[in-house]
2 protein chains.
Amino acid sequence: MTTLITIPARHGKAARLAAGHSVRIVNTHGQQVVDTWAFTAADLGEFMSMEHSRVAIGRIIPAVGDVLVTNRRRPILTLVADNSGGIHDTLFAACDRWRYELLGCVGYHDTCTDNLAAALKELGLAPPETPAPLNLFMNIPVVDGNRVEIRPPVSTPGSHVTLRAEIDCILAFSACPQDVVPINGLALTPTEAHFEVLG
Amino acid sequence: MTTLITIPARHGKAARLAAGHSVRIVNTHGQQVVDTWAFTAADLGEFMSMEHSRVAIGRIIPAVGDVLVTNRRRPILTLVADNSGGIHDTLFAACDRWRYELLGCVGYHDTCTDNLAAALKELGLAPPETPAPLNLFMNIPVVDGNRVEIRPPVSTPGSHVTLRAEIDCILAFSACPQDVVPINGLALTPTEAHFEVLG
């Protein structure tokens, strides 16, 4: 038996994951992007890096079997299963207060950047910075080899991705609160998602 | 009259650039990748960010007129001219000791990461980290919307790119020392490049 842990809508959640163990991230309602980070347990200054992982895997979207690496190019997470349609993003920064200010939002808006910090704080930790996340279920196609588009996810309710830790690490997830552009579906309605730590 | 400053082969060089001024980066011998960073003069913790810039410009390769932004999404550099063929990279991390170790190099190999630190040190500064660089002249096509390939530059000897500062900043350049894969041309021979600060 595993326990399904909630990533509340518009918020974040973190967990420790031992080397060899896996985590399944469930897109419960089907259209929710989950920004995902991994930091090595021994040193939060070493973390999963999209710009290093693209070099390592030879593509911009990780596929089953691909090994994501840290900013020191060490394996940290392997994508071991994915029934979500295989569309994820490694190109876009986590949303932050400046993103929503530029989109015209007035007053406080939840952000993936703040969610990362809040999630780690629950574990008594603080991120050294906000690394570019692995944006699970996020659909940012590169059209004509150059142009990036923002499209709704192709994932379906209950579909999921499984990541295996290659080193003891701290994982953090944010159910992206984006409700201005259709990153989380055309309904512009962020929802909860879930994860479970597997043996 | 401007002064042509040398970026020595396999090494780096930094310069201060005031808001409104421009810098022209010359691919002197035509096949040399120049990793480029910009930090705000007021706070080195704010720097040009590829993952934020891709969101801002809507593509993975900046074109003339595009405004690159910082990790706080503020304009920092505008690409104002480019006669190099328009092929640059925003996807790959700067090379580092771990990259060359994985490529089988034994003993010390120059790296763009070390070159950034050495270049800033000449100005009495230290980078807070190694941001993902704007890899000028670097040819990393995204094939079929996903696969990344390493190809020789399309630029020609003497071709150049001009960047205008939108804020007072510190620029750093590295003539990439990569000589294992053909990033710097099929001859695998890193060369010098040059830059000049324009009025």
# chains A, B, ... in the order shown; residues from 1 in each chain; ligands from 1
>>> residues_around(residues="region 4-18 of chain A", least_positions_apart="2", cutoff="6 Å", atoms="only C-alpha atoms", output="list in words")
His21, Asn115, Ala119, Leu120, Asp168, Cys169, Ile170, Leu171, Ala172, Phe173, Ser174, Ala175, Cys176, Pro177, Pro190, Thr191, Glu192, Ala193, His194, Phe195 and Glu196 of chain A
>>> select_by_dssp(residues="region 21-146 of chain B", states="helix (DSSP H, G or I)", output="short mmCIF file (atom, residue, chain, number, x, y, z; two decimals) with N, CA and C atoms, in the first residue's frame")
data_model
loop_
_atom_site.label_atom_id
_atom_site.label_comp_id
_atom_site.auth_asym_id
_atom_site.auth_seq_id
_atom_site.Cartn_x
_atom_site.Cartn_y
_atom_site.Cartn_z
N MET B 50 18.16 32.28 -19.78
CA MET B 50 17.61 31.67 -21.00
C MET B 50 16.20 31.16 -20.77
N GLU B 51 15.92 30.57 -19.60
CA GLU B 51 14.57 30.00 -19.40
C GLU B 51 13.52 31.08 -19.24
N HIS B 52 13.92 32.26 -18.81
CA HIS B 52 12.97 33.37 -18.77
C HIS B 52 12.89 34.06 -20.13
N SER B 53 14.01 34.11 -20.83
CA SER B 53 14.03 34.77 -22.14
C SER B 53 13.20 34.01 -23.18
N ARG B 54 13.22 32.67 -23.13
CA ARG B 54 12.42 31.91 -24.09
C ARG B 54 10.93 32.23 -23.94
N VAL B 55 10.49 32.40 -22.69
CA VAL B 55 9.09 32.78 -22.45
C VAL B 55 8.83 34.16 -23.05
N ALA B 56 9.78 35.08 -22.81
CA ALA B 56 9.59 36.47 -23.22
C ALA B 56 9.58 36.63 -24.74
N ILE B 57 10.47 35.91 -25.44
CA ILE B 57 10.60 36.13 -26.88
C ILE B 57 9.76 35.14 -27.70
N ARG B 97 33.88 20.96 -15.93
CA ARG B 97 34.80 19.83 -15.76
C ARG B 97 34.08 18.49 -15.92
N TRP B 98 32.82 18.45 -15.47
CA TRP B 98 32.09 17.18 -15.53
C TRP B 98 31.77 16.81 -16.98
N ARG B 99 31.53 17.82 -17.83
CA ARG B 99 31.27 17.54 -19.25
C ARG B 99 32.49 16.87 -19.87
N TYR B 100 33.66 17.39 -19.59
CA TYR B 100 34.86 16.82 -20.22
C TYR B 100 35.22 15.47 -19.61
N GLU B 101 34.97 15.29 -18.32
CA GLU B 101 35.20 13.98 -17.72
C GLU B 101 34.32 12.94 -18.40
N LEU B 102 33.05 13.29 -18.63
CA LEU B 102 32.13 12.35 -19.28
C LEU B 102 32.53 12.08 -20.72
N CYS B 112 34.08 26.60 -20.22
CA CYS B 112 33.40 27.90 -20.23
C CYS B 112 33.03 28.33 -18.81
N THR B 113 32.71 27.36 -17.97
CA THR B 113 32.38 27.68 -16.58
C THR B 113 33.58 28.33 -15.88
N ASP B 114 34.75 27.73 -16.03
CA ASP B 114 35.96 28.32 -15.44
C ASP B 114 36.29 29.66 -16.09
N ASN B 115 36.04 29.76 -17.40
CA ASN B 115 36.35 31.01 -18.10
C ASN B 115 35.48 32.17 -17.62
N LEU B 116 34.22 31.87 -17.32
CA LEU B 116 33.34 32.91 -16.77
C LEU B 116 33.92 33.42 -15.45
N ALA B 117 34.28 32.50 -14.59
CA ALA B 117 34.82 32.90 -13.28
C ALA B 117 36.10 33.71 -13.43
N ALA B 118 36.99 33.25 -14.32
CA ALA B 118 38.28 33.95 -14.51
C ALA B 118 38.07 35.33 -15.12
N ALA B 119 37.13 35.44 -16.04
CA ALA B 119 36.87 36.73 -16.69
C ALA B 119 36.32 37.74 -15.68
N LEU B 120 35.40 37.29 -14.84
CA LEU B 120 34.84 38.22 -13.84
C LEU B 120 35.89 38.57 -12.79
N LYS B 121 36.75 37.62 -12.50
CA LYS B 121 37.80 37.88 -11.49
C LYS B 121 38.70 39.03 -11.92
#
>>> interface_residues(of="chain B", to="chain A", cutoff="7 Å", atoms="only C-alpha atoms", output="short mmCIF file (atom, residue, chain, number, x, y, z; two decimals) with N, CA and C atoms, in the first residue's frame")
data_model
loop_
_atom_site.label_atom_id
_atom_site.label_comp_id
_atom_site.auth_asym_id
_atom_site.auth_seq_id
_atom_site.Cartn_x
_atom_site.Cartn_y
_atom_site.Cartn_z
N GLU B 51 15.92 30.57 -19.60
CA GLU B 51 14.57 30.00 -19.40
C GLU B 51 13.52 31.08 -19.24
N HIS B 52 13.92 32.26 -18.81
CA HIS B 52 12.97 33.37 -18.77
C HIS B 52 12.89 34.06 -20.13
N ARG B 54 13.22 32.67 -23.13
CA ARG B 54 12.42 31.91 -24.09
C ARG B 54 10.93 32.23 -23.94
N VAL B 55 10.49 32.40 -22.69
CA VAL B 55 9.09 32.78 -22.45
C VAL B 55 8.83 34.16 -23.05
N GLY B 58 9.29 34.07 -27.07
CA GLY B 58 8.44 33.12 -27.77
C GLY B 58 9.18 32.25 -28.75
N ARG B 59 10.48 32.12 -28.59
CA ARG B 59 11.23 31.19 -29.43
C ARG B 59 12.50 30.76 -28.70
N ILE B 60 13.15 29.74 -29.24
CA ILE B 60 14.36 29.24 -28.56
C ILE B 60 15.62 29.92 -29.08
N ILE B 61 15.54 30.56 -30.25
CA ILE B 61 16.71 31.25 -30.82
C ILE B 61 16.36 32.72 -30.98
N ARG B 72 14.61 38.02 -13.23
CA ARG B 72 13.46 38.77 -12.69
C ARG B 72 12.62 39.34 -13.84
N ARG B 73 12.87 38.82 -15.02
CA ARG B 73 12.11 39.14 -16.24
C ARG B 73 12.22 40.60 -16.66
N LEU B 91 19.79 26.38 -25.31
CA LEU B 91 19.34 25.13 -24.66
C LEU B 91 20.38 24.43 -23.82
N PHE B 92 21.67 24.64 -24.16
CA PHE B 92 22.73 23.83 -23.54
C PHE B 92 23.45 24.62 -22.44
N ALA B 93 23.77 23.91 -21.38
CA ALA B 93 24.57 24.47 -20.29
C ALA B 93 25.98 24.78 -20.79
N TRP B 98 32.82 18.45 -15.47
CA TRP B 98 32.09 17.18 -15.53
C TRP B 98 31.77 16.81 -16.98
N ALA B 132 22.77 29.46 -17.35
CA ALA B 132 22.77 28.94 -18.72
C ALA B 132 23.10 30.11 -19.64
N PRO B 141 20.27 22.43 -33.49
CA PRO B 141 18.89 22.40 -34.00
C PRO B 141 18.01 21.46 -33.18
N VAL B 142 16.73 21.83 -33.07
CA VAL B 142 15.72 20.93 -32.51
C VAL B 142 15.02 20.26 -33.69
N VAL B 143 15.28 18.99 -33.85
CA VAL B 143 14.78 18.24 -35.01
C VAL B 143 13.49 17.52 -34.60
N GLY B 145 10.87 18.63 -33.53
CA GLY B 145 10.27 19.21 -32.34
C GLY B 145 10.79 18.66 -31.03
N ASN B 146 11.85 17.85 -31.08
CA ASN B 146 12.30 17.23 -29.83
C ASN B 146 13.80 16.95 -29.76
N ARG B 147 14.34 16.28 -30.77
CA ARG B 147 15.72 15.83 -30.70
C ARG B 147 16.69 16.99 -30.91
N VAL B 148 17.73 17.10 -30.10
CA VAL B 148 18.73 18.14 -30.27
C VAL B 148 19.99 17.53 -30.88
#
>>> atom_distance(atom1="CA of Leu77 (chain B)", atom2="CA of Glu166 (chain B)")
5.5 Å
>>> select_by_dssp(residues="region 11-192 of chain B", states="strand (DSSP E or B)", output="tab-separated table (two decimals) with N, CA and C atoms, in the first residue's frame")
chain	number	residue	atom	x	y	z
B	12	GLY	N	38.27	33.36	-21.54
B	12	GLY	CA	37.16	34.28	-21.40
B	12	GLY	C	37.60	35.72	-21.23
B	13	LYS	N	36.64	36.62	-21.31
B	13	LYS	CA	36.91	38.04	-21.14
B	13	LYS	C	35.59	38.72	-20.73
B	14	ALA	N	35.68	39.66	-19.82
B	14	ALA	CA	34.48	40.37	-19.37
B	14	ALA	C	34.63	41.86	-19.58
B	15	ALA	N	33.53	42.56	-19.56
B	15	ALA	CA	33.53	44.02	-19.74
B	15	ALA	C	32.27	44.61	-19.12
B	16	ARG	N	32.38	45.84	-18.70
B	16	ARG	CA	31.19	46.56	-18.24
B	16	ARG	C	30.53	47.22	-19.44
B	17	LEU	N	29.21	47.25	-19.42
B	17	LEU	CA	28.48	47.89	-20.52
B	17	LEU	C	27.35	48.73	-19.93
B	22	SER	N	26.22	49.46	-26.82
B	22	SER	CA	26.15	48.15	-27.47
B	22	SER	C	27.51	47.50	-27.53
B	23	VAL	N	27.48	46.21	-27.74
B	23	VAL	CA	28.72	45.47	-27.94
B	23	VAL	C	28.54	44.61	-29.19
B	24	ARG	N	29.57	44.60	-30.02
B	24	ARG	CA	29.55	43.76	-31.22
B	24	ARG	C	30.50	42.59	-30.98
B	25	ILE	N	29.98	41.37	-31.12
B	25	ILE	CA	30.80	40.18	-30.92
B	25	ILE	C	31.12	39.62	-32.30
B	26	VAL	N	32.40	39.50	-32.57
B	26	VAL	CA	32.87	39.11	-33.91
B	26	VAL	C	33.37	37.68	-33.90
B	27	ASN	N	32.82	36.87	-34.81
B	27	ASN	CA	33.28	35.49	-34.95
B	27	ASN	C	34.45	35.50	-35.93
B	34	VAL	N	30.73	31.43	-28.90
B	34	VAL	CA	31.05	32.37	-27.81
B	34	VAL	C	29.92	32.31	-26.78
B	35	ASP	N	30.20	31.66	-25.66
B	35	ASP	CA	29.23	31.65	-24.56
B	35	ASP	C	29.17	33.06	-23.98
B	36	THR	N	27.94	33.56	-23.80
B	36	THR	CA	27.76	34.94	-23.39
B	36	THR	C	26.84	35.04	-22.17
B	37	TRP	N	27.29	35.81	-21.18
B	37	TRP	CA	26.49	36.04	-19.97
B	37	TRP	C	26.36	37.54	-19.74
B	38	ALA	N	25.29	37.93	-19.08
B	38	ALA	CA	25.11	39.33	-18.66
B	38	ALA	C	24.54	39.33	-17.25
B	39	PHE	N	25.18	40.08	-16.38
B	39	PHE	CA	24.73	40.26	-14.99
B	39	PHE	C	24.42	41.74	-14.80
B	40	THR	N	23.40	42.06	-14.03
B	40	THR	CA	23.16	43.48	-13.79
B	40	THR	C	24.28	44.02	-12.90
B	43	ASP	N	23.54	44.17	-9.12
B	43	ASP	CA	23.32	42.95	-8.35
B	43	ASP	C	23.63	41.75	-9.24
B	44	LEU	N	24.76	41.11	-8.98
B	44	LEU	CA	25.15	39.98	-9.83
B	44	LEU	C	24.18	38.80	-9.70
B	45	GLY	N	23.34	38.82	-8.66
B	45	GLY	CA	22.32	37.78	-8.50
B	45	GLY	C	21.18	37.91	-9.51
B	46	GLU	N	21.13	39.04	-10.19
B	46	GLU	CA	20.17	39.20	-11.29
B	46	GLU	C	20.94	39.15	-12.60
B	47	PHE	N	20.58	38.19	-13.45
B	47	PHE	CA	21.37	37.96	-14.66
B	47	PHE	C	20.47	37.51	-15.81
B	48	MET	N	20.98	37.63	-17.01
B	48	MET	CA	20.27	37.17	-18.20
B	48	MET	C	19.95	35.68	-18.04
B	59	ARG	N	10.48	32.12	-28.59
B	59	ARG	CA	11.23	31.19	-29.43
B	59	ARG	C	12.50	30.76	-28.70
B	67	VAL	N	14.26	40.97	-27.15
B	67	VAL	CA	14.78	41.51	-25.90
B	67	VAL	C	14.95	40.36	-24.90
B	68	LEU	N	16.19	40.09	-24.55
B	68	LEU	CA	16.48	39.04	-23.56
B	68	LEU	C	16.29	39.62	-22.16
B	69	VAL	N	15.83	38.76	-21.26
B	69	VAL	CA	15.47	39.25	-19.93
B	69	VAL	C	16.25	38.51	-18.84
B	70	THR	N	16.17	39.10	-17.64
B	70	THR	CA	16.86	38.51	-16.49
B	70	THR	C	15.98	37.48	-15.80
B	75	PRO	N	14.18	43.45	-18.98
B	75	PRO	CA	15.04	43.54	-20.16
B	75	PRO	C	16.49	43.83	-19.78
B	76	ILE	N	17.41	43.07	-20.37
B	76	ILE	CA	18.84	43.33	-20.08
B	76	ILE	C	19.64	43.52	-21.37
B	77	LEU	N	19.37	42.73	-22.41
B	77	LEU	CA	20.08	42.88	-23.69
B	77	LEU	C	19.09	42.74	-24.84
B	78	THR	N	19.25	43.61	-25.84
B	78	THR	CA	18.47	43.48	-27.07
B	78	THR	C	19.41	43.08	-28.20
B	79	LEU	N	18.99	42.09	-28.97
B	79	LEU	CA	19.75	41.68	-30.16
B	79	LEU	C	19.41	42.69	-31.26
B	80	VAL	N	20.35	43.57	-31.59
B	80	VAL	CA	20.03	44.65	-32.53
B	80	VAL	C	20.58	44.42	-33.94
B	81	ALA	N	21.54	43.51	-34.09
B	81	ALA	CA	22.04	43.20	-35.44
B	81	ALA	C	22.69	41.83	-35.42
B	82	ASP	N	22.65	41.17	-36.57
B	82	ASP	CA	23.17	39.80	-36.65
B	82	ASP	C	23.36	39.46	-38.12
B	89	ASP	N	22.29	29.35	-29.68
B	89	ASP	CA	21.69	28.32	-28.82
B	89	ASP	C	21.35	28.89	-27.44
B	134	LEU	N	23.85	32.40	-23.20
B	134	LEU	CA	23.45	32.59	-24.58
B	134	LEU	C	24.66	32.14	-25.41
B	135	ASN	N	24.52	31.02	-26.08
B	135	ASN	CA	25.64	30.45	-26.82
B	135	ASN	C	25.62	30.99	-28.25
B	136	LEU	N	26.32	32.12	-28.43
B	136	LEU	CA	26.33	32.75	-29.75
B	136	LEU	C	27.03	31.85	-30.76
B	139	ASN	N	25.23	25.92	-32.89
B	139	ASN	CA	24.21	25.34	-33.78
B	139	ASN	C	23.66	24.04	-33.18
B	142	VAL	N	16.73	21.83	-33.07
B	142	VAL	CA	15.72	20.93	-32.51
B	142	VAL	C	15.02	20.26	-33.69
B	143	VAL	N	15.28	18.99	-33.85
B	143	VAL	CA	14.78	18.24	-35.01
B	143	VAL	C	13.49	17.52	-34.60
B	147	ARG	N	14.34	16.28	-30.77
B	147	ARG	CA	15.72	15.83	-30.70
B	147	ARG	C	16.69	16.99	-30.91
B	148	VAL	N	17.73	17.10	-30.10
B	148	VAL	CA	18.73	18.14	-30.27
B	148	VAL	C	19.99	17.53	-30.88
B	151	ARG	N	25.82	20.49	-34.15
B	151	ARG	CA	26.33	20.70	-35.50
B	151	ARG	C	27.33	21.84	-35.51
B	159	SER	N	31.87	37.48	-39.33
B	159	SER	CA	30.45	37.78	-39.09
B	159	SER	C	30.26	38.11	-37.62
B	160	HIS	N	29.16	38.82	-37.33
B	160	HIS	CA	29.05	39.36	-35.97
B	160	HIS	C	27.61	39.58	-35.55
B	161	VAL	N	27.48	39.77	-34.25
B	161	VAL	CA	26.20	39.98	-33.59
B	161	VAL	C	26.35	41.23	-32.72
B	162	THR	N	25.31	42.06	-32.68
B	162	THR	CA	25.37	43.25	-31.81
B	162	THR	C	24.27	43.18	-30.76
B	163	LEU	N	24.67	43.38	-29.52
B	163	LEU	CA	23.76	43.37	-28.38
B	163	LEU	C	23.79	44.73	-27.70
B	164	ARG	N	22.59	45.26	-27.41
B	164	ARG	CA	22.51	46.56	-26.72
B	164	ARG	C	22.06	46.34	-25.27
B	165	ALA	N	22.75	47.00	-24.36
B	165	ALA	CA	22.40	46.88	-22.94
B	165	ALA	C	21.16	47.72	-22.65
B	169	CYS	N	25.27	46.75	-17.10
B	169	CYS	CA	25.54	45.33	-16.84
B	169	CYS	C	27.00	44.96	-17.00
B	170	ILE	N	27.29	43.78	-16.52
B	170	ILE	CA	28.61	43.16	-16.70
B	170	ILE	C	28.43	42.05	-17.71
B	171	LEU	N	29.15	42.13	-18.81
B	171	LEU	CA	29.10	41.08	-19.82
B	171	LEU	C	30.30	40.17	-19.67
B	172	ALA	N	30.11	38.90	-19.91
B	172	ALA	CA	31.24	37.97	-19.93
B	172	ALA	C	31.11	37.06	-21.15
B	173	PHE	N	32.25	36.79	-21.76
B	173	PHE	CA	32.30	35.95	-22.95
B	173	PHE	C	33.32	34.84	-22.75
B	174	SER	N	33.03	33.67	-23.31
B	174	SER	CA	34.01	32.60	-23.33
B	174	SER	C	34.11	32.05	-24.74
B	175	ALA	N	35.32	32.06	-25.28
B	175	ALA	CA	35.57	31.36	-26.55
B	175	ALA	C	35.64	29.88	-26.19
>>> atom_distance(atom1="CA of Thr156 (chain B)", atom2="CA of Thr111 (chain B)")
23.6 Å
>>> residues_around(residues="Val154 (chain B)", least_positions_apart="6", cutoff="8 Å", atoms="only C-alpha atoms", output="PyMOL selection string")
chain B and resi 31+84-85+87+137+139
>>> write_last_selection(atoms="all heavy atoms", output="PDB file, in the first residue's frame")
ATOM      1  N   GLN B  31      34.058  29.929 -36.979  1.00  0.00           N
ATOM      2  CA  GLN B  31      33.492  28.666 -36.475  1.00  0.00           C
ATOM      3  C   GLN B  31      33.544  28.575 -34.947  1.00  0.00           C
ATOM      4  O   GLN B  31      33.441  27.485 -34.379  1.00  0.00           O
ATOM      5  CB  GLN B  31      34.263  27.468 -37.062  1.00  0.00           C
ATOM      6  CG  GLN B  31      34.084  27.304 -38.562  1.00  0.00           C
ATOM      7  CD  GLN B  31      32.749  26.656 -38.894  1.00  0.00           C
ATOM      8  OE1 GLN B  31      32.534  25.461 -38.706  1.00  0.00           O
ATOM      9  NE2 GLN B  31      31.812  27.462 -39.372  1.00  0.00           N
ATOM     10  N   SER B  84      25.341  36.790 -38.896  1.00  0.00           N
ATOM     11  CA  SER B  84      26.067  35.515 -38.756  1.00  0.00           C
ATOM     12  C   SER B  84      25.276  34.317 -39.275  1.00  0.00           C
ATOM     13  O   SER B  84      25.766  33.184 -39.215  1.00  0.00           O
ATOM     14  CB  SER B  84      26.385  35.282 -37.282  1.00  0.00           C
ATOM     15  OG  SER B  84      25.202  34.925 -36.575  1.00  0.00           O
ATOM     16  N   GLY B  85      24.053  34.567 -39.717  1.00  0.00           N
ATOM     17  CA  GLY B  85      23.203  33.449 -40.138  1.00  0.00           C
ATOM     18  C   GLY B  85      22.082  33.180 -39.152  1.00  0.00           C
ATOM     19  O   GLY B  85      21.185  32.369 -39.416  1.00  0.00           O
ATOM     20  N   ILE B  87      21.907  31.739 -36.250  1.00  0.00           N
ATOM     21  CA  ILE B  87      21.824  30.478 -35.493  1.00  0.00           C
ATOM     22  C   ILE B  87      22.629  30.597 -34.197  1.00  0.00           C
ATOM     23  O   ILE B  87      23.857  30.739 -34.211  1.00  0.00           O
ATOM     24  CB  ILE B  87      22.342  29.293 -36.341  1.00  0.00           C
ATOM     25  CG1 ILE B  87      21.495  29.139 -37.599  1.00  0.00           C
ATOM     26  CG2 ILE B  87      22.356  28.008 -35.507  1.00  0.00           C
ATOM     27  CD1 ILE B  87      20.030  28.823 -37.347  1.00  0.00           C
ATOM     28  N   PHE B 137      26.454  31.792 -31.943  1.00  0.00           N
ATOM     29  CA  PHE B 137      26.987  31.042 -33.093  1.00  0.00           C
ATOM     30  C   PHE B 137      26.877  29.522 -32.925  1.00  0.00           C
ATOM     31  O   PHE B 137      27.269  28.784 -33.813  1.00  0.00           O
ATOM     32  CB  PHE B 137      28.451  31.425 -33.391  1.00  0.00           C
ATOM     33  CG  PHE B 137      28.716  32.901 -33.369  1.00  0.00           C
ATOM     34  CD1 PHE B 137      29.580  33.472 -32.423  1.00  0.00           C
ATOM     35  CD2 PHE B 137      28.079  33.745 -34.268  1.00  0.00           C
ATOM     36  CE1 PHE B 137      29.816  34.845 -32.392  1.00  0.00           C
ATOM     37  CE2 PHE B 137      28.308  35.121 -34.248  1.00  0.00           C
ATOM     38  CZ  PHE B 137      29.185  35.670 -33.300  1.00  0.00           C
ATOM     39  N   ASN B 139      25.229  25.924 -32.893  1.00  0.00           N
ATOM     40  CA  ASN B 139      24.211  25.343 -33.775  1.00  0.00           C
ATOM     41  C   ASN B 139      23.664  24.042 -33.183  1.00  0.00           C
ATOM     42  O   ASN B 139      24.205  22.967 -33.404  1.00  0.00           O
ATOM     43  CB  ASN B 139      24.843  25.110 -35.156  1.00  0.00           C
ATOM     44  CG  ASN B 139      23.839  24.661 -36.200  1.00  0.00           C
ATOM     45  OD1 ASN B 139      22.639  24.587 -35.940  1.00  0.00           O
ATOM     46  ND2 ASN B 139      24.339  24.353 -37.389  1.00  0.00           N
TER      47      ASN B 139
END
>>> atom_distance(atom1="CA of Ser155 (chain B)", atom2="CA of Gln178 (chain B)")
16.8 Å
